[in-house]
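Right, one structure below, let's go through it.
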Amino acid sequence: MASYMSMGEAHRRITDYLNRLNDVISYQDGTSLKQLLSLSSESPSFLALADALNLFQDANRLIKQADKYSQYAEIVAPLFRAMQSYRVGHLVESYQAFEKSANAFIQEFRNWESAWALEALYVVVYEIRILAEKADRELASNGKTPEKLKAAGSFLMKVFGVLAGKGPKRVGALYVTCQLFKVYFKLGTVHLCRSVIRSIETARIFDFEEFPVRDKVTYMYYTGRLEVLNENFPAADHKLSYALKHCDPQSEANIRMILKYLVPVKLSIGIIPKKSLLEKYNLVEYSDIVLAMKRGDLRLLRHALEEHEDRFLRSGVYLVLEKLELQVYQRLVKKIYIIQKQKDPSKAHQIKLEMIVKALKWLEMEMDLDEVECIMSILIYKNLVKGYFAHKSKVAVLSKQDPFPKLNGKPINS
């Protein structure tokens with residue numbers, strides 16, 4: 001802590017930092033530069049520098065003393081203030097100072113011809129988002145309106161504009177896009193994702209395959225989630241499957257995050273995940289849903305939805321899972337058909353609605369004939385069941401060929 005540091009030691013730590021900053025920029029050492037710009041890492045060297053700054057209190061004088069320092073004064077002076085404020089827990093002040101430093105850094109970055117500082121830019125982009133989230137928590141705890149994450153989003157759009165050129169820096173655009181997604185999802189303003197997606201997917205300056213794998217995985221994960229919200233399940237399946245296929249196999253937490261959305265998407269197009277997969281990635285909330293679909297057990301499905309309702313609502317998959325009821329009804333009717341076929345093969349394709357009512361009653365689901373007829377009408381309309389009604393006799397007459405069409409990875413007809 002600062003109380004155990006002499007003034008001379010504080011002076012030395014600050015000048016050491018300034019010398020290192022000058023050297024890494026002179027030698028275009030992006031790896032070392034990114035380490036000098038990270039606040040949230042809270043590394044021992046950062047904590048010691050922050051303590052030195054709070055003890056010395058006149059770092060601006062040191063910055064102005066030499067030209068090699070003063071040329072980066074607009075980056076360093078507010079960066080030092082951000083460090084000081086962060087160290088003492090004043091997160092709103094830290095964010096405000098860091099944003100000034102970040103804006104100055106972007107101006108310098110724009111002037112550098114090559115992309116040597118991209119890794120450092122990534123750190124600045126990441127830090128501005130993390131600091132904004134922390135600053136907003138501080139504002140909220142003090143009864144004030146959280147506004148810094150929104151400001152961070154505006155800053156990130158500015159950075160995206162800097163990278164959206166024809167030079168080598170453009171490969172950084174996808175990383176910034178992914179940070180923007182995180183901001184918009186956190187703020188609940190996912191509609192703002194559209195413009196940046198349009199830029200990435202339609203602008204001729206970008207070739208998706210030239211972006212780093214890490215960023216492509218994150219991008220596909222977030223755009224896959226957007227497709228889930230839009231109920232565009234084939235597109236969601238494609239994007240989330242891409243993310244899963246290219247995700248680092250050692251990163252189980254990331255795989256779990258992808259599967260949390262991919263599992264309900266797969267279920268919606270009739271593909272049932274293996275029990276071992278759900279167990280391996282601790283996706284137990286889907287176990288009963290999968291079991292309900294296999295059994296045709298409507299009661300179990302509704303119980304699972306009720307039990308994990310909060311989790312599914314937070315993830316935005318509740319409505320997707322709720323619509324699985326039709327597939328569960330299909331499975332139930334199919335089970336009745338199989339049992340009837342074993343008893344009397346000649347009449348297997350004629351299912352009395354009364355049989356379905358009894359099966360539901362056995363599941364403690366009370367429905368009358370009219371409700372069951374309505375459900376069967378929907379199943380036939382959605383092509384989950386092939387057949388027609390004999391209304392007078394209250395019988396569903398099923399097709400003798402493929403009465404229960406499989407979805408085969410396609411969504412239910414709307």
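Residues in the structure tokens are named by chain (A, B, ... in the order shown) and by number from 1 within that chain; ligands are numbered from 1 in the order shown.
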
- Query: Got a sec: who's within 8 Å of Leu321 of chain A, counting only C-alpha atoms, leaving out chain neighbours fewer than 5 positions off, as a list of chain:residue names?
  - Reply: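 My list of contacting residues is A:Pro264, A:Ser268, A:Leu305.
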
- Task: Just the residues within 12 Å of Asn282 of chain A, please, counting only C-alpha atoms, with nothing from its chain fewer than 6 positions along; format it as an NGL selection string.
- Result: :A and (252-253 or 255-257 or 259-260 or 275-276)

Just write the chosen residues, all heavy atoms, as a PDB file, in the first residue's frame.
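To be explicit, this is the file written out as out-v2.pdb:
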ATOM      1  N   GLU A 252     -14.824 -25.246 -21.492  1.00  0.00           N
ATOM      2  CA  GLU A 252     -16.132 -25.856 -21.194  1.00  0.00           C
ATOM      3  C   GLU A 252     -17.194 -24.816 -20.860  1.00  0.00           C
ATOM      4  O   GLU A 252     -18.357 -24.998 -21.186  1.00  0.00           O
ATOM      5  CB  GLU A 252     -15.987 -26.866 -20.054  1.00  0.00           C
ATOM      6  CG  GLU A 252     -15.217 -28.114 -20.467  1.00  0.00           C
ATOM      7  CD  GLU A 252     -15.467 -29.301 -19.550  1.00  0.00           C
ATOM      8  OE1 GLU A 252     -16.294 -29.182 -18.626  1.00  0.00           O
ATOM      9  OE2 GLU A 252     -14.830 -30.337 -19.767  1.00  0.00           O
ATOM     10  N   ALA A 253     -16.773 -23.722 -20.213  1.00  0.00           N
ATOM     11  CA  ALA A 253     -17.752 -22.674 -19.859  1.00  0.00           C
ATOM     12  C   ALA A 253     -18.355 -22.058 -21.115  1.00  0.00           C
ATOM     13  O   ALA A 253     -19.568 -21.820 -21.184  1.00  0.00           O
ATOM     14  CB  ALA A 253     -17.086 -21.599 -19.005  1.00  0.00           C
ATOM     15  N   ILE A 255     -18.483 -23.496 -24.137  1.00  0.00           N
ATOM     16  CA  ILE A 255     -19.295 -24.523 -24.805  1.00  0.00           C
ATOM     17  C   ILE A 255     -20.676 -24.600 -24.151  1.00  0.00           C
ATOM     18  O   ILE A 255     -21.697 -24.694 -24.832  1.00  0.00           O
ATOM     19  CB  ILE A 255     -18.581 -25.896 -24.753  1.00  0.00           C
ATOM     20  CG1 ILE A 255     -17.330 -25.865 -25.655  1.00  0.00           C
ATOM     21  CG2 ILE A 255     -19.520 -27.023 -25.196  1.00  0.00           C
ATOM     22  CD1 ILE A 255     -16.458 -27.088 -25.554  1.00  0.00           C
ATOM     23  N   ARG A 256     -20.695 -24.519 -22.826  1.00  0.00           N
ATOM     24  CA  ARG A 256     -21.975 -24.556 -22.100  1.00  0.00           C
ATOM     25  C   ARG A 256     -22.856 -23.361 -22.489  1.00  0.00           C
ATOM     26  O   ARG A 256     -24.064 -23.505 -22.682  1.00  0.00           O
ATOM     27  CB  ARG A 256     -21.733 -24.566 -20.592  1.00  0.00           C
ATOM     28  CG  ARG A 256     -23.009 -24.748 -19.791  1.00  0.00           C
ATOM     29  CD  ARG A 256     -22.792 -24.685 -18.285  1.00  0.00           C
ATOM     30  NE  ARG A 256     -24.027 -24.975 -17.607  1.00  0.00           N
ATOM     31  CZ  ARG A 256     -25.025 -24.110 -17.438  1.00  0.00           C
ATOM     32  NH1 ARG A 256     -24.906 -22.887 -17.915  1.00  0.00           N
ATOM     33  NH2 ARG A 256     -26.137 -24.462 -16.814  1.00  0.00           N
ATOM     34  N   MET A 257     -22.239 -22.180 -22.609  1.00  0.00           N
ATOM     35  CA  MET A 257     -22.995 -20.982 -22.994  1.00  0.00           C
ATOM     36  C   MET A 257     -23.631 -21.149 -24.376  1.00  0.00           C
ATOM     37  O   MET A 257     -24.788 -20.758 -24.598  1.00  0.00           O
ATOM     38  CB  MET A 257     -22.080 -19.763 -22.997  1.00  0.00           C
ATOM     39  CG  MET A 257     -21.780 -19.203 -21.614  1.00  0.00           C
ATOM     40  SD  MET A 257     -20.509 -17.916 -21.662  1.00  0.00           S
ATOM     41  CE  MET A 257     -21.332 -16.676 -22.652  1.00  0.00           C
ATOM     42  N   LEU A 259     -24.321 -24.091 -25.889  1.00  0.00           N
ATOM     43  CA  LEU A 259     -25.327 -25.158 -25.817  1.00  0.00           C
ATOM     44  C   LEU A 259     -26.611 -24.706 -25.134  1.00  0.00           C
ATOM     45  O   LEU A 259     -27.693 -25.220 -25.425  1.00  0.00           O
ATOM     46  CB  LEU A 259     -24.747 -26.376 -25.094  1.00  0.00           C
ATOM     47  CG  LEU A 259     -23.727 -27.204 -25.882  1.00  0.00           C
ATOM     48  CD1 LEU A 259     -23.086 -28.252 -24.981  1.00  0.00           C
ATOM     49  CD2 LEU A 259     -24.386 -27.875 -27.090  1.00  0.00           C
ATOM     50  N   LYS A 260     -26.495 -23.749 -24.241  1.00  0.00           N
ATOM     51  CA  LYS A 260     -27.674 -23.239 -23.539  1.00  0.00           C
ATOM     52  C   LYS A 260     -28.718 -22.723 -24.527  1.00  0.00           C
ATOM     53  O   LYS A 260     -29.926 -22.749 -24.267  1.00  0.00           O
ATOM     54  CB  LYS A 260     -27.246 -22.126 -22.577  1.00  0.00           C
ATOM     55  CG  LYS A 260     -28.278 -21.790 -21.522  1.00  0.00           C
ATOM     56  CD  LYS A 260     -27.673 -20.981 -20.394  1.00  0.00           C
ATOM     57  CE  LYS A 260     -27.380 -19.560 -20.782  1.00  0.00           C
ATOM     58  NZ  LYS A 260     -26.991 -18.717 -19.638  1.00  0.00           N
ATOM     59  N   LYS A 275     -28.323 -37.612 -23.458  1.00  0.00           N
ATOM     60  CA  LYS A 275     -28.302 -37.364 -22.014  1.00  0.00           C
ATOM     61  C   LYS A 275     -26.882 -37.072 -21.531  1.00  0.00           C
ATOM     62  O   LYS A 275     -26.664 -36.210 -20.672  1.00  0.00           O
ATOM     63  CB  LYS A 275     -28.867 -38.581 -21.279  1.00  0.00           C
ATOM     64  CG  LYS A 275     -29.014 -38.397 -19.783  1.00  0.00           C
ATOM     65  CD  LYS A 275     -29.572 -39.655 -19.124  1.00  0.00           C
ATOM     66  CE  LYS A 275     -29.662 -39.488 -17.615  1.00  0.00           C
ATOM     67  NZ  LYS A 275     -30.154 -40.732 -16.968  1.00  0.00           N
ATOM     68  N   SER A 276     -25.901 -37.773 -22.105  1.00  0.00           N
ATOM     69  CA  SER A 276     -24.500 -37.599 -21.698  1.00  0.00           C
ATOM     70  C   SER A 276     -24.003 -36.183 -21.972  1.00  0.00           C
ATOM     71  O   SER A 276     -23.204 -35.635 -21.212  1.00  0.00           O
ATOM     72  CB  SER A 276     -23.608 -38.607 -22.427  1.00  0.00           C
ATOM     73  OG  SER A 276     -23.733 -38.468 -23.840  1.00  0.00           O
TER      74      SER A 276
END

- Kindly indicate which residue among A:Cys193, A:Ala152, A:Ile63, A:Ala348 lies nearest to Phe98 of chain A, using only C-alpha atoms for the distances. A:Ala152

- Suppose you want the space between atom CA of Thr189 of chain A and atom CA of Arg214 of chain A; what is it in Å?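 Atom CA of Arg214 of chain A lies 23.9 Å from atom CA of Thr189 of chain A.
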
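For Met7 of chain A, the set of protein, DNA and RNA residues having any atom at most 8 Å away, when counting only C-alpha atoms and skipping those fewer than 2 positions along the same chain, is Met5, Glu9, Ala10, His11, Ala52, Leu55 and Phe56 of chain A.
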
Which neighbours of Ser195 of chain A fall inside 12 Å, counting only C-alpha atoms, when residues of the same chain fewer than 5 positions from it are skipped, and could you give them as a short mmCIF file (atom, residue, chain, number, x, y, z; two decimals) with C-alpha atoms, in the first residue's frame?
data_model
loop_
_atom_site.label_atom_id
_atom_site.label_comp_id
_atom_site.auth_asym_id
_atom_site.auth_seq_id
_atom_site.Cartn_x
_atom_site.Cartn_y
_atom_site.Cartn_z
CA MET A 157 -19.09 2.58 -32.49
CA PHE A 160 -15.60 0.42 -35.25
CA THR A 177 -18.44 -5.78 -32.84
CA LEU A 180 -20.76 -3.96 -28.84
CA PHE A 181 -23.02 -7.02 -28.77
CA VAL A 190 -30.38 -5.68 -29.12
CA ILE A 200 -19.91 -6.90 -41.22
CA GLU A 201 -22.00 -9.12 -43.49
CA THR A 202 -22.57 -6.86 -46.50
CA ALA A 203 -19.58 -4.50 -46.66
#

- Item | Per-residue DSSP, segment 162-319 of chain A, filtered to helix (DSSP H, G or I), as a ChimeraX atom specification | /A:162-163,168-187,190-202,208-210,213-229,233-246,252-268,275-280,284-295,298-307,309-315,318-319

- Item | For Ile380 of chain A, the nearest of the candidates A:Asn408, A:Tyr329, A:Val357, A:Ser26, counting only C-alpha atoms |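 Smallest separation from Ile380 of chain A among the options: A:Tyr329.
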
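When only C-alpha atoms are used to measure the gap to Phe185 of chain A, the shortest distance among A:Phe109, A:Lys150, A:Leu118, A:Val162 belongs to A:Lys150.
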
- Message: Here is a test: counting only C-alpha atoms, which residue of A:Tyr222, A:Phe211, A:Tyr95, A:Trp116 is nearest to Val24 of chain A?
- Response: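 So, comparing all the options, the nearest one is A:Trp116.
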
- Note on the structure: Correct to one decimal, the distance atom CA of Gly387 of chain A-atom CA of Arg302 of chain A is 27.1 Å

- Shell of 12 Å around Ser70 of chain A, only C-alpha atoms, local chain residues under 2 positions omitted, as a list in words: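 Residues meeting the cut-off are Leu18, Asn19, Leu21, Asn22, Ala59, Asn60, Arg61, Leu62, Ile63, Lys64, Gln65, Ala66, Asp67, Lys68, Tyr72, Ala73, Glu74, Ile75, Val76 and Ala77 of chain A.
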
Selection to disk with N, CA and C atoms, as a PDB file, in the first residue's frame:
ATOM      1  N   LEU A  18       6.530   5.507 -17.440  1.00  0.00           N
ATOM      2  CA  LEU A  18       6.593   6.435 -18.574  1.00  0.00           C
ATOM      3  C   LEU A  18       7.667   6.017 -19.574  1.00  0.00           C
ATOM      4  N   ASN A  19       8.806   5.552 -19.064  1.00  0.00           N
ATOM      5  CA  ASN A  19       9.881   5.075 -19.950  1.00  0.00           C
ATOM      6  C   ASN A  19       9.453   3.836 -20.730  1.00  0.00           C
ATOM      7  N   LEU A  21       6.381   2.936 -21.476  1.00  0.00           N
ATOM      8  CA  LEU A  21       5.368   3.328 -22.452  1.00  0.00           C
ATOM      9  C   LEU A  21       6.025   3.918 -23.692  1.00  0.00           C
ATOM     10  N   ASN A  22       6.976   4.802 -23.497  1.00  0.00           N
ATOM     11  CA  ASN A  22       7.678   5.411 -24.624  1.00  0.00           C
ATOM     12  C   ASN A  22       8.417   4.363 -25.451  1.00  0.00           C
ATOM     13  N   ALA A  59       2.018  13.749 -10.885  1.00  0.00           N
ATOM     14  CA  ALA A  59       2.545  13.015 -12.038  1.00  0.00           C
ATOM     15  C   ALA A  59       2.533  13.872 -13.298  1.00  0.00           C
ATOM     16  N   ASN A  60       1.600  14.829 -13.384  1.00  0.00           N
ATOM     17  CA  ASN A  60       1.532  15.689 -14.570  1.00  0.00           C
ATOM     18  C   ASN A  60       2.837  16.445 -14.786  1.00  0.00           C
ATOM     19  N   ARG A  61       3.482  16.856 -13.683  1.00  0.00           N
ATOM     20  CA  ARG A  61       4.763  17.574 -13.788  1.00  0.00           C
ATOM     21  C   ARG A  61       5.822  16.683 -14.431  1.00  0.00           C
ATOM     22  N   LEU A  62       5.819  15.389 -14.035  1.00  0.00           N
ATOM     23  CA  LEU A  62       6.776  14.449 -14.616  1.00  0.00           C
ATOM     24  C   LEU A  62       6.517  14.244 -16.108  1.00  0.00           C
ATOM     25  N   ILE A  63       5.236  14.175 -16.475  1.00  0.00           N
ATOM     26  CA  ILE A  63       4.873  13.967 -17.883  1.00  0.00           C
ATOM     27  C   ILE A  63       5.358  15.126 -18.743  1.00  0.00           C
ATOM     28  N   LYS A  64       5.251  16.346 -18.206  1.00  0.00           N
ATOM     29  CA  LYS A  64       5.616  17.546 -18.973  1.00  0.00           C
ATOM     30  C   LYS A  64       7.119  17.808 -19.006  1.00  0.00           C
ATOM     31  N   GLN A  65       7.879  17.106 -18.143  1.00  0.00           N
ATOM     32  CA  GLN A  65       9.312  17.385 -18.022  1.00  0.00           C
ATOM     33  C   GLN A  65      10.110  17.017 -19.270  1.00  0.00           C
ATOM     34  N   ALA A  66       9.700  15.973 -19.959  1.00  0.00           N
ATOM     35  CA  ALA A  66      10.467  15.508 -21.110  1.00  0.00           C
ATOM     36  C   ALA A  66       9.555  15.350 -22.316  1.00  0.00           C
ATOM     37  N   ASP A  67      10.099  15.684 -23.491  1.00  0.00           N
ATOM     38  CA  ASP A  67       9.309  15.588 -24.727  1.00  0.00           C
ATOM     39  C   ASP A  67       8.834  14.165 -24.988  1.00  0.00           C
ATOM     40  N   LYS A  68       9.689  13.194 -24.641  1.00  0.00           N
ATOM     41  CA  LYS A  68       9.320  11.805 -24.938  1.00  0.00           C
ATOM     42  C   LYS A  68       8.102  11.360 -24.123  1.00  0.00           C
ATOM     43  N   TYR A  72       2.791  12.023 -25.369  1.00  0.00           N
ATOM     44  CA  TYR A  72       1.660  11.125 -25.087  1.00  0.00           C
ATOM     45  C   TYR A  72       0.859  11.599 -23.863  1.00  0.00           C
ATOM     46  N   ALA A  73       0.988  12.877 -23.558  1.00  0.00           N
ATOM     47  CA  ALA A  73       0.335  13.411 -22.352  1.00  0.00           C
ATOM     48  C   ALA A  73      -1.172  13.223 -22.361  1.00  0.00           C
ATOM     49  N   GLU A  74      -1.793  13.364 -23.540  1.00  0.00           N
ATOM     50  CA  GLU A  74      -3.255  13.274 -23.604  1.00  0.00           C
ATOM     51  C   GLU A  74      -3.756  11.849 -23.349  1.00  0.00           C
ATOM     52  N   ILE A  75      -2.874  10.873 -23.573  1.00  0.00           N
ATOM     53  CA  ILE A  75      -3.210   9.491 -23.227  1.00  0.00           C
ATOM     54  C   ILE A  75      -2.895   9.228 -21.765  1.00  0.00           C
ATOM     55  N   VAL A  76      -1.683   9.624 -21.352  1.00  0.00           N
ATOM     56  CA  VAL A  76      -1.162   9.212 -20.047  1.00  0.00           C
ATOM     57  C   VAL A  76      -1.796   9.964 -18.879  1.00  0.00           C
ATOM     58  N   ALA A  77      -1.959  11.277 -18.994  1.00  0.00           N
ATOM     59  CA  ALA A  77      -2.477  12.065 -17.858  1.00  0.00           C
ATOM     60  C   ALA A  77      -3.852  11.561 -17.402  1.00  0.00           C
TER      61      ALA A  77
END

- Give me the residues within 8 Å of Leu91 of chain A as a ChimeraX atom specification, counting only C-alpha atoms and dropping any in the same chain fewer than 6 places off. /A:85,131,134-135,138

- Message: Residues near Lys410 of chain A, anyone? I mean within 8 Å using only C-alpha atoms, not counting same-chain ones fewer than 6 positions away, as an MDAnalysis selection string.
- Response: chainID A and resid 234 269:270

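Taking atom CA of Tyr86 of chain A and atom CA of Glu108 of chain A as endpoints, the distance between them is 24.0 Å.
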
- Task: Could you check which of A:Leu226, A:Pro44, A:Leu53, A:Tyr221 is closest to Leu192 of chain A, using only C-alpha atoms?
- Result: A:Leu226

- Have a look at A:Lys323, A:Arg170, A:Lys392, A:Arg129 and name the one nearest to Asp207 of chain A; count only C-alpha atoms. A:Arg170

All strand (DSSP E or B) residues (DSSP, backbone) inside segment 216-409 of chain A, as an mmCIF file with C-alpha atoms, in the first residue's frame:
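Everything below was put into selection.cif:
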data_model
loop_
_atom_site.group_PDB
_atom_site.id
_atom_site.type_symbol
_atom_site.label_atom_id
_atom_site.label_comp_id
_atom_site.auth_asym_id
_atom_site.auth_seq_id
_atom_site.Cartn_x
_atom_site.Cartn_y
_atom_site.Cartn_z
ATOM 1 C CA GLN A 350 -58.162 -44.869 -36.646
ATOM 2 C CA ILE A 351 -57.646 -43.101 -33.338
ATOM 3 C CA LYS A 352 -60.671 -42.169 -31.277
ATOM 4 C CA GLY A 387 -54.578 -37.547 -41.703
ATOM 5 C CA TYR A 388 -58.082 -36.095 -41.436
ATOM 6 C CA PHE A 389 -61.110 -35.995 -39.102
ATOM 7 C CA ALA A 390 -64.273 -37.994 -39.152
ATOM 8 C CA VAL A 395 -62.094 -40.217 -34.941
ATOM 9 C CA ALA A 396 -58.758 -39.055 -36.354
ATOM 10 C CA VAL A 397 -58.038 -41.120 -39.468
ATOM 11 C CA LEU A 398 -54.270 -41.287 -39.947
#
